[in-house]
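Dropping run.txt in here (compact mmCIF, C-alpha atoms and all ligand atoms):
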```
# COMPACT_ATOMS: atom_id res chain seq x y z
CA MET A 24 16.78 72.37 63.29
CA PRO A 25 18.87 71.21 60.29
CA ARG A 26 19.36 67.46 60.74
CA ALA A 27 20.82 66.26 57.48
CA ASP A 28 24.48 66.83 58.31
CA PHE A 29 25.08 67.77 61.93
CA PRO A 30 22.18 68.95 64.12
CA ILE A 31 22.22 72.57 65.32
CA PHE A 32 20.05 73.54 68.28
CA ASP A 33 19.19 77.22 68.76
CA LEU A 34 19.16 77.74 72.54
CA SER A 35 17.84 81.31 72.31
CA ARG A 36 14.80 80.04 70.40
CA PHE A 37 14.12 77.39 73.04
CA GLU A 38 14.42 79.90 75.86
CA ALA A 39 12.06 82.37 74.16
CA ALA A 40 9.47 79.68 73.35
CA GLY A 41 6.22 78.86 75.14
CA THR A 42 5.50 75.50 76.76
CA GLU A 43 4.25 73.76 73.64
CA GLU A 44 7.13 74.80 71.40
CA ARG A 45 9.62 73.92 74.16
CA ALA A 46 8.17 70.44 74.39
CA TRP A 47 8.49 70.07 70.61
CA LEU A 48 12.10 71.30 70.59
CA GLY A 49 12.79 69.02 73.54
CA GLY A 50 11.53 66.12 71.43
CA GLU A 51 14.15 66.99 68.80
CA VAL A 52 16.89 66.93 71.42
CA ASP A 53 15.60 63.61 72.77
CA ALA A 54 15.89 62.13 69.26
CA ILE A 55 19.49 63.38 68.91
CA CYS A 56 20.47 62.07 72.34
CA ARG A 57 18.99 58.65 71.57
CA SER A 58 21.09 58.48 68.42
CA THR A 59 24.52 60.09 69.01
CA GLY A 60 24.20 62.66 71.80
CA PHE A 61 26.32 65.09 69.74
CA LEU A 62 24.84 68.40 68.58
CA ALA A 63 25.87 72.01 68.03
CA VAL A 64 24.34 74.73 70.20
CA SER A 65 23.90 78.18 68.66
CA GLY A 66 22.11 81.16 70.19
CA HIS A 67 24.10 80.54 73.38
CA GLY A 68 24.74 84.21 74.23
CA VAL A 69 28.32 83.67 75.44
CA PRO A 70 30.07 86.99 74.69
CA GLN A 71 32.60 86.74 71.87
CA ALA A 72 35.07 88.72 74.00
CA ILE A 73 35.10 85.90 76.59
CA ILE A 74 35.71 83.29 73.88
CA ASP A 75 38.46 85.37 72.25
CA GLY A 76 40.07 85.98 75.64
CA ALA A 77 40.18 82.24 76.35
CA TRP A 78 41.68 81.46 72.93
CA SER A 79 44.46 84.00 73.30
CA ALA A 80 45.24 82.85 76.86
CA ALA A 81 45.50 79.24 75.66
CA HIS A 82 47.66 80.16 72.64
CA ASP A 83 49.99 82.21 74.82
CA PHE A 84 50.35 79.33 77.24
CA PHE A 85 51.00 76.58 74.68
CA ASP A 86 53.49 78.80 72.85
CA LEU A 87 55.66 79.13 75.96
CA PRO A 88 58.95 77.23 76.02
CA ALA A 89 58.56 73.72 77.49
CA GLU A 90 60.26 74.60 80.78
CA ARG A 91 57.88 77.51 81.40
CA LYS A 92 54.90 75.19 80.81
CA GLN A 93 56.41 72.63 83.17
CA GLN A 94 56.35 75.25 85.94
CA ALA A 95 52.53 74.83 85.94
CA LYS A 96 52.66 71.05 85.78
CA ALA A 97 50.50 68.78 87.90
CA PRO A 98 52.65 67.84 90.94
CA TYR A 99 52.14 64.08 90.57
CA PRO A 100 50.49 61.67 88.09
CA GLY A 101 46.78 61.59 88.80
CA TYR A 102 46.62 65.22 89.97
CA PRO A 103 43.85 66.68 87.84
CA TYR A 104 44.83 70.31 87.28
CA GLY A 105 47.57 72.45 85.83
CA TYR A 106 49.69 71.44 82.85
CA LEU A 107 49.57 67.84 81.64
CA GLY A 108 52.43 67.54 79.18
CA PRO A 109 52.97 65.13 76.29
CA ASP A 110 52.77 61.44 77.22
CA SER A 111 50.62 61.95 80.32
CA GLU A 112 47.23 60.54 79.31
CA ALA A 113 45.70 57.85 77.11
CA LEU A 114 41.92 58.32 77.03
CA ALA A 115 41.31 54.86 75.54
CA ARG A 116 42.52 53.40 78.86
CA SER A 117 39.23 54.60 80.39
CA LYS A 118 37.70 51.91 78.14
CA GLY A 119 40.26 49.29 79.10
CA GLU A 120 42.28 49.66 75.85
CA ASP A 121 46.02 49.76 76.40
CA THR A 122 47.24 52.28 73.81
CA PRO A 123 50.30 54.53 73.62
CA PRO A 124 49.74 58.00 75.14
CA ASP A 125 47.59 60.55 73.30
CA LEU A 126 49.53 63.03 71.15
CA LYS A 127 48.50 66.16 73.02
CA GLU A 128 49.19 68.47 75.89
CA SER A 129 46.59 70.23 78.03
CA PHE A 130 46.01 72.84 80.68
CA ASN A 131 43.29 72.02 83.18
CA GLY A 132 41.40 73.91 85.84
CA GLY A 133 38.73 72.99 88.36
CA PRO A 134 35.91 74.76 90.22
CA LEU A 135 36.53 78.45 90.88
CA GLY A 136 36.03 78.04 94.64
CA VAL A 137 35.29 75.50 97.34
CA PRO A 138 31.63 75.74 98.43
CA GLU A 139 30.95 76.06 102.14
CA GLY A 140 30.52 72.76 103.96
CA VAL A 141 32.60 70.61 101.59
CA ASP A 142 34.77 68.45 103.85
CA ASP A 143 35.02 65.11 102.04
CA PRO A 144 38.79 64.40 101.94
CA ASP A 145 38.66 62.83 98.47
CA ALA A 146 36.66 65.76 97.10
CA LEU A 147 39.12 68.25 98.62
CA ALA A 148 42.16 66.31 97.39
CA PHE A 149 40.81 65.69 93.89
CA CYS A 150 38.23 67.96 92.27
CA TYR A 151 38.74 70.87 94.69
CA ALA A 152 42.54 70.63 94.48
CA PRO A 153 44.07 73.98 93.52
CA THR A 154 44.67 74.75 89.87
CA ILE A 155 48.40 75.30 89.27
CA TRP A 156 48.47 78.62 87.41
CA PRO A 157 51.19 79.53 84.93
CA ASP A 158 53.55 82.20 86.27
CA ALA A 159 53.64 85.66 84.81
CA LEU A 160 51.24 85.18 81.93
CA ALA A 161 49.35 88.46 82.02
CA GLY A 162 45.59 88.07 82.12
CA PHE A 163 45.64 84.26 81.86
CA ARG A 164 43.75 83.51 85.04
CA ASP A 165 41.09 86.20 84.49
CA ALA A 166 40.43 85.03 80.93
CA TRP A 167 40.32 81.39 82.06
CA GLU A 168 37.90 82.03 84.91
CA ALA A 169 35.59 84.16 82.75
CA TYR A 170 35.34 81.34 80.20
CA TYR A 171 34.92 78.68 82.92
CA GLN A 172 32.03 80.62 84.49
CA ALA A 173 30.39 81.17 81.09
CA MET A 174 30.57 77.41 80.41
CA GLU A 175 29.16 76.51 83.84
CA ASP A 176 26.21 78.85 83.23
CA LEU A 177 25.66 77.52 79.71
CA ALA A 178 25.78 73.91 80.93
CA ALA A 179 23.07 74.63 83.51
CA ARG A 180 20.87 76.06 80.72
CA ILE A 181 21.44 73.00 78.56
CA MET A 182 20.54 70.74 81.49
CA ARG A 183 17.15 72.51 81.54
CA VAL A 184 16.72 71.61 77.87
CA PHE A 185 17.64 68.01 78.73
CA ALA A 186 15.00 67.95 81.48
CA VAL A 187 12.35 69.09 78.99
CA ALA A 188 13.63 66.57 76.44
CA LEU A 189 13.08 63.82 79.03
CA LYS A 190 9.60 65.21 79.83
CA LEU A 191 10.70 66.09 83.35
CA ASP A 192 10.18 69.28 85.28
CA GLU A 193 12.49 71.91 83.78
CA ASP A 194 14.31 72.27 87.12
CA PHE A 195 14.70 68.52 87.63
CA PHE A 196 18.50 68.57 87.43
CA ALA A 197 19.01 71.90 89.23
CA PRO A 198 19.60 70.45 92.75
CA THR A 199 22.08 67.90 91.32
CA ILE A 200 24.29 70.58 89.75
CA ASP A 201 24.25 73.42 92.27
CA LYS A 202 27.77 72.58 93.52
CA PRO A 203 29.16 71.24 90.27
CA ILE A 204 32.68 69.82 90.06
CA SER A 205 33.20 70.64 86.40
CA ALA A 206 36.63 70.95 84.81
CA LEU A 207 37.85 73.05 81.92
CA ARG A 208 40.59 71.75 79.67
CA ALA A 209 42.47 73.64 76.96
CA LEU A 210 43.99 71.19 74.48
CA ASN A 211 46.87 71.54 72.09
CA TYR A 212 47.54 68.78 69.58
CA PRO A 213 50.99 69.63 68.24
CA GLN A 214 52.35 69.08 64.75
CA GLN A 215 53.57 65.53 64.19
CA PRO A 216 57.04 65.67 62.65
CA VAL A 217 57.54 62.03 63.71
CA PRO A 218 54.90 59.50 62.61
CA PRO A 219 52.66 58.30 65.48
CA LYS A 220 53.17 54.82 66.94
CA PRO A 221 50.70 52.10 65.92
CA GLY A 222 47.41 52.76 67.72
CA GLN A 223 48.48 56.23 68.81
CA LEU A 224 45.96 59.05 68.23
CA ARG A 225 45.59 62.68 69.23
CA ALA A 226 42.86 61.45 71.59
CA GLY A 227 42.06 57.75 71.85
CA ALA A 228 38.48 56.52 71.57
CA HIS A 229 36.57 57.23 74.78
CA THR A 230 33.26 58.41 76.15
CA ASP A 231 33.09 61.43 78.45
CA TYR A 232 32.46 60.73 82.10
CA GLY A 233 30.07 63.42 83.26
CA SER A 234 26.71 64.94 82.43
CA LEU A 235 27.66 66.92 79.33
CA THR A 236 30.73 68.32 77.59
CA ILE A 237 30.92 71.67 75.82
CA LEU A 238 33.55 71.54 73.10
CA LEU A 239 35.00 74.41 71.17
CA PRO A 240 37.20 73.06 68.37
CA GLN A 241 39.49 75.54 66.65
CA ALA A 242 37.76 77.10 63.63
CA GLY A 243 38.53 75.17 60.46
CA SER A 244 40.19 72.29 62.29
CA GLY A 245 39.44 68.62 61.72
CA GLY A 246 40.06 65.37 63.52
CA LEU A 247 37.14 64.95 65.94
CA GLU A 248 35.14 61.84 65.04
CA ILE A 249 32.17 60.05 66.57
CA PHE A 250 31.25 56.39 66.35
CA THR A 251 27.75 56.48 64.89
CA PRO A 252 24.87 54.05 65.52
CA GLU A 253 25.70 52.69 62.03
CA LYS A 254 29.07 51.70 63.54
CA VAL A 255 31.20 53.95 61.37
CA TRP A 256 33.50 56.80 62.40
CA ARG A 257 32.09 60.13 61.21
CA PRO A 258 33.85 63.54 61.39
CA VAL A 259 32.26 66.27 63.50
CA PRO A 260 32.87 69.67 61.93
CA PRO A 261 33.46 72.82 63.97
CA VAL A 262 30.25 74.90 63.56
CA PRO A 263 30.97 78.66 63.28
CA GLY A 264 29.38 80.60 66.15
CA ALA A 265 28.26 77.44 67.96
CA PHE A 266 29.59 75.06 70.60
CA VAL A 267 29.63 71.31 70.07
CA ILE A 268 27.83 69.55 72.92
CA ASN A 269 27.96 65.89 73.80
CA ILE A 270 26.46 63.92 76.62
CA GLY A 271 28.57 61.84 78.99
CA ASP A 272 28.26 58.55 80.87
CA LEU A 273 26.16 59.95 83.71
CA MET A 274 23.41 61.01 81.31
CA ALA A 275 23.34 57.46 79.90
CA LEU A 276 23.15 56.08 83.44
CA TRP A 277 20.39 58.52 84.44
CA THR A 278 18.35 57.48 81.39
CA ASN A 279 19.09 53.73 81.52
CA ASP A 280 20.85 53.97 78.12
CA ARG A 281 17.89 55.64 76.43
CA TRP A 282 20.49 58.34 75.72
CA VAL A 283 23.91 57.30 74.47
CA SER A 284 27.30 58.45 75.64
CA THR A 285 28.91 58.15 72.23
CA LEU A 286 32.44 56.95 71.66
CA HIS A 287 34.60 59.68 70.09
CA ARG A 288 38.25 60.32 69.29
CA VAL A 289 40.59 62.84 67.68
CA VAL A 290 42.52 61.37 64.75
CA ASN A 291 45.95 62.36 63.47
CA PRO A 292 46.46 64.74 60.55
CA ALA A 293 46.87 62.99 57.20
CA ALA A 294 50.38 61.63 56.75
CA ASP A 295 50.65 63.44 53.39
CA SER A 296 50.20 66.78 55.19
CA GLY A 297 53.65 66.12 56.64
CA GLY A 298 52.08 66.24 60.09
CA THR A 299 52.16 70.02 59.95
CA SER A 300 48.69 70.78 61.16
CA ARG A 301 48.40 71.78 64.78
CA ARG A 302 44.97 71.72 66.43
CA GLN A 303 43.60 73.35 69.52
CA SER A 304 40.31 73.02 71.36
CA PHE A 305 38.54 73.66 74.64
CA ALA A 306 36.56 71.00 76.46
CA PHE A 307 34.38 71.88 79.45
CA PHE A 308 33.37 68.75 81.33
CA HIS A 309 30.21 69.50 83.26
CA GLN A 310 29.94 67.27 86.32
CA PRO A 311 27.18 67.06 88.97
CA ASN A 312 27.84 67.69 92.67
CA TRP A 313 30.47 65.42 94.26
CA HIS A 314 28.01 63.53 96.49
CA GLN A 315 25.20 63.37 93.95
CA GLU A 316 23.92 59.85 93.48
CA ILE A 317 23.21 59.14 89.84
CA ALA A 318 20.54 56.45 89.52
CA CYS A 319 18.14 55.56 86.75
CA ILE A 320 15.31 58.14 86.53
CA PRO A 321 12.12 56.09 87.05
CA SER A 322 10.27 57.68 84.11
CA CYS A 323 13.08 56.53 81.77
CA LEU A 324 12.14 52.91 82.45
CA ALA A 325 9.71 51.26 80.07
CA PRO A 326 7.03 49.16 81.82
CA GLY A 327 8.64 46.02 83.20
CA GLU A 328 12.19 47.27 82.47
CA GLN A 329 14.79 47.14 85.26
CA PRO A 330 17.66 49.61 85.84
CA LYS A 331 20.74 48.30 84.02
CA TYR A 332 23.29 49.90 86.33
CA ALA A 333 23.88 50.26 90.03
CA PRO A 334 23.81 53.91 91.11
CA VAL A 335 27.15 55.76 91.25
CA ARG A 336 28.29 58.92 92.98
CA SER A 337 29.37 61.68 90.66
CA GLY A 338 32.72 62.58 92.28
CA PRO A 339 34.12 59.11 92.98
CA TYR A 340 33.02 57.94 89.50
CA LEU A 341 34.89 60.81 87.86
CA MET A 342 37.98 60.26 90.00
CA GLY A 343 38.14 56.56 89.11
CA LYS A 344 37.78 57.23 85.38
CA PHE A 345 40.34 60.04 85.35
CA ARG A 346 42.92 58.02 87.26
CA SER A 347 42.53 55.07 84.91
CA THR A 348 43.84 57.18 82.01
CA VAL A 349 46.99 58.45 83.65
CA LYS A 350 50.37 56.88 83.10
CA ALA A 351 51.60 55.32 86.33
CA ALA A 352 54.51 57.11 88.00
O1 LIG A 401 39.66 68.09 71.22
C1 LIG A 401 38.54 67.67 70.94
O2 LIG A 401 37.89 68.13 70.00
C2 LIG A 401 37.86 66.59 71.75
C3 LIG A 401 38.60 66.20 73.00
C4 LIG A 401 37.85 65.20 73.83
O3 LIG A 401 36.97 64.50 73.37
C5 LIG A 401 38.18 65.06 75.26
O4 LIG A 401 39.21 65.59 75.70
O5 LIG A 401 37.38 64.43 75.99
FE FE A 402 35.85 63.54 74.99
```

Would you mind writing the structure in this file as structure tokens?
Amino acid sequence: MPRADFPIFDLSRFEAAGTEERAWLGGEVDAICRSTGFLAVSGHGVPQAIIDGAWSAAHDFFDLPAERKQQAKAPYPGYPYGYLGPDSEALARSKGEDTPPDLKESFNGGPLGVPEGVDDPDALAFCYAPTIWPDALAGFRDAWEAYYQAMEDLAARIMRVFAVALKLDEDFFAPTIDKPISALRALNYPQQPVPPKPGQLRAGAHTDYGSLTILLPQAGSGGLEIFTPEKVWRPVPPVPGAFVINIGDLMALWTNDRWVSTLHRVVNPAADSGGTSRRQSFAFFHQPNWHQEIACIPSCLAPGEQPKYAPVRSGPYLMGKFRSTVKAA
């Protein structure tokens, strides 16, 4: 695994390996997650046609006139799915920073169905709320759902790697993610003909809320940065043929901060570019089952160490974080 610049983990190698090699590769992942929790995953097996389909669906949507995009808009501030237009979110608010809104727009979708037996009113009103689909955009929903499903499957495979990395049974996380409440977000960071306000970024500094995020930044694009253990902002390059993975807050909670949910942001294009560079990306936020209690895993505690955090429930934790970032009505 090349480590000098940005670590790349070959998932197909891990999955083909025997127990000993898996444990060794797991050790590499453990080291990355203790340091930044950001790595690229190659050998993922997601068909290129599914990725291409998602990119063209997202392009087609963001290129629609504003009023056509508004047709798919979330019905009220705090509704998680559909189109979130400019000025609707400031991610840094999830960290208590009061910044101007992020310079972006997004389309968001939730789980592809409601599992039998889910009757929690908050779950039904929030993460199982219907996605508001754009009208008359041929093939959009099919392309979206194919990519969503591919990301859900990939996330479950990466959670197996995480279990090995933590020296747990490979299936340790399986029962916690069998009714996941993950969300897929397509992002468009438009050109910036007008200079941003002070403190205004494409995406303000934040950590992700869930178990893991699968990012797909547009090929050749820049702007994503992570706050390293050396306390400097470092760019994360798009890696051709790979996804960028990062762990979220729940992984830090599960491991009592042995693994870090690293602060990251998307910065503005250089002012001397005239603000002409547009950027797009996909972010799949993998999130354990709504009712799943996330508490420190006992084997992550050193002898004599106490859990740092009270347990949280996956769904309510996500809902609280999401709502904190939304501009009040
Ligand atoms: O667009 C990106 O590359 C990252 C976006 C991000 O970090 C987020 O939406 O949580
Ligand atoms: Fe993020």

Leaving out A:Val69 and any residue of its chain fewer than 6 positions from it, which residues lie within 9 Å of it when counting only C-alpha atoms, given as a ChimeraX atom specification? /A:170,173-174,177

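Closest to A:Gly246 among A:Pro292, A:Gly264, A:Pro123, A:Gly233 is A:Pro292, based on all atoms listed in the file.
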
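With all atoms listed in the file as the atoms that count, the residue of A:Met274, A:Ala242, A:Val187, A:Ala54 with the shortest distance to ligand LIG 401 (chain A) is A:Ala242.
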
Which protein, DNA or RNA residues have an atom within 9 Å of ligand LIG 401 (chain A), counting all atoms listed in the file, as a VMD selection string? chain A and resid 114 208 to 212 225 to 232 236 238 to 241 245 to 248 259 261 267 286 to 289 302 to 308

Using Å and a single decimal, report how far atom CA of A:Phe130 sits from atom CA of A:Ala113. 15.4 Å

Counting all atoms listed in the file, which residues of stretch 160-219 of chain A sit at most 12 Å from some atom of stretch 323-329 of chain A, and what is each one's closest atom pair with its distance in Å to one decimal, listed by chain and rising residue number, as a tab-separated table?
```
residue	atom	partner	partner_atom	distance
A:Ala186	CA	A:Cys323	CA	11.6
A:Ala188	CA	A:Cys323	CA	11.4
A:Leu189	CA	A:Cys323	CA	7.8
A:Lys190	CA	A:Cys323	CA	9.6
A:Leu191	CA	A:Cys323	CA	10.0
```

Could you complete stretch 310-331 of chain A so that it carries N, CA and C atoms, and give it back as a tab-separated table (two decimals), keeping the file's coordinate frame?
```
chain	number	residue	atom	x	y	z
A	310	GLN	N	30.01	68.44	85.43
A	310	GLN	CA	29.94	67.27	86.32
A	310	GLN	C	29.08	67.60	87.53
A	311	PRO	N	28.05	66.79	87.81
A	311	PRO	CA	27.18	67.06	88.97
A	311	PRO	C	27.96	67.07	90.29
A	312	ASN	N	27.29	67.58	91.32
A	312	ASN	CA	27.84	67.69	92.67
A	312	ASN	C	28.57	66.40	93.10
A	313	TRP	N	29.64	66.56	93.83
A	313	TRP	CA	30.47	65.42	94.26
A	313	TRP	C	29.64	64.27	94.84
A	314	HIS	N	28.75	64.58	95.79
A	314	HIS	CA	28.01	63.53	96.49
A	314	HIS	C	26.78	63.05	95.73
A	315	GLN	N	26.46	63.69	94.63
A	315	GLN	CA	25.20	63.37	93.95
A	315	GLN	C	25.16	61.91	93.52
A	316	GLU	N	24.11	61.23	93.95
A	316	GLU	CA	23.92	59.85	93.48
A	316	GLU	C	23.24	59.91	92.12
A	317	ILE	N	23.80	59.18	91.17
A	317	ILE	CA	23.21	59.14	89.84
A	317	ILE	C	22.59	57.75	89.68
A	318	ALA	N	21.28	57.72	89.64
A	318	ALA	CA	20.54	56.45	89.52
A	318	ALA	C	19.51	56.63	88.42
A	319	CYS	N	19.12	55.53	87.84
A	319	CYS	CA	18.14	55.56	86.75
A	319	CYS	C	16.90	56.39	87.15
A	320	ILE	N	16.51	57.33	86.29
A	320	ILE	CA	15.31	58.14	86.53
A	320	ILE	C	14.09	57.24	86.23
A	321	PRO	N	13.20	57.08	87.22
A	321	PRO	CA	12.12	56.09	87.05
A	321	PRO	C	11.34	56.26	85.74
A	322	SER	N	11.09	57.51	85.32
A	322	SER	CA	10.27	57.68	84.11
A	322	SER	C	11.02	57.28	82.83
A	323	CYS	N	12.33	57.00	82.95
A	323	CYS	CA	13.08	56.53	81.77
A	323	CYS	C	12.96	55.02	81.60
A	324	LEU	N	12.31	54.36	82.56
A	324	LEU	CA	12.14	52.91	82.45
A	324	LEU	C	10.84	52.58	81.72
A	325	ALA	N	10.92	51.75	80.72
A	325	ALA	CA	9.71	51.26	80.07
A	325	ALA	C	9.03	50.30	81.05
A	326	PRO	N	7.70	50.09	80.89
A	326	PRO	CA	7.03	49.16	81.82
A	326	PRO	C	7.72	47.81	81.84
A	327	GLY	N	8.00	47.33	83.05
A	327	GLY	CA	8.64	46.02	83.20
A	327	GLY	C	10.16	46.06	83.07
A	328	GLU	N	10.73	47.18	82.64
A	328	GLU	CA	12.19	47.27	82.47
A	328	GLU	C	12.86	47.52	83.83
A	329	GLN	N	14.05	46.95	84.01
A	329	GLN	CA	14.79	47.14	85.26
A	329	GLN	C	15.98	48.08	85.00
A	330	PRO	N	16.43	48.81	86.02
A	330	PRO	CA	17.66	49.61	85.84
A	330	PRO	C	18.83	48.69	85.47
A	331	LYS	N	19.62	49.14	84.47
A	331	LYS	CA	20.74	48.30	84.02
A	331	LYS	C	21.96	48.46	84.91
```
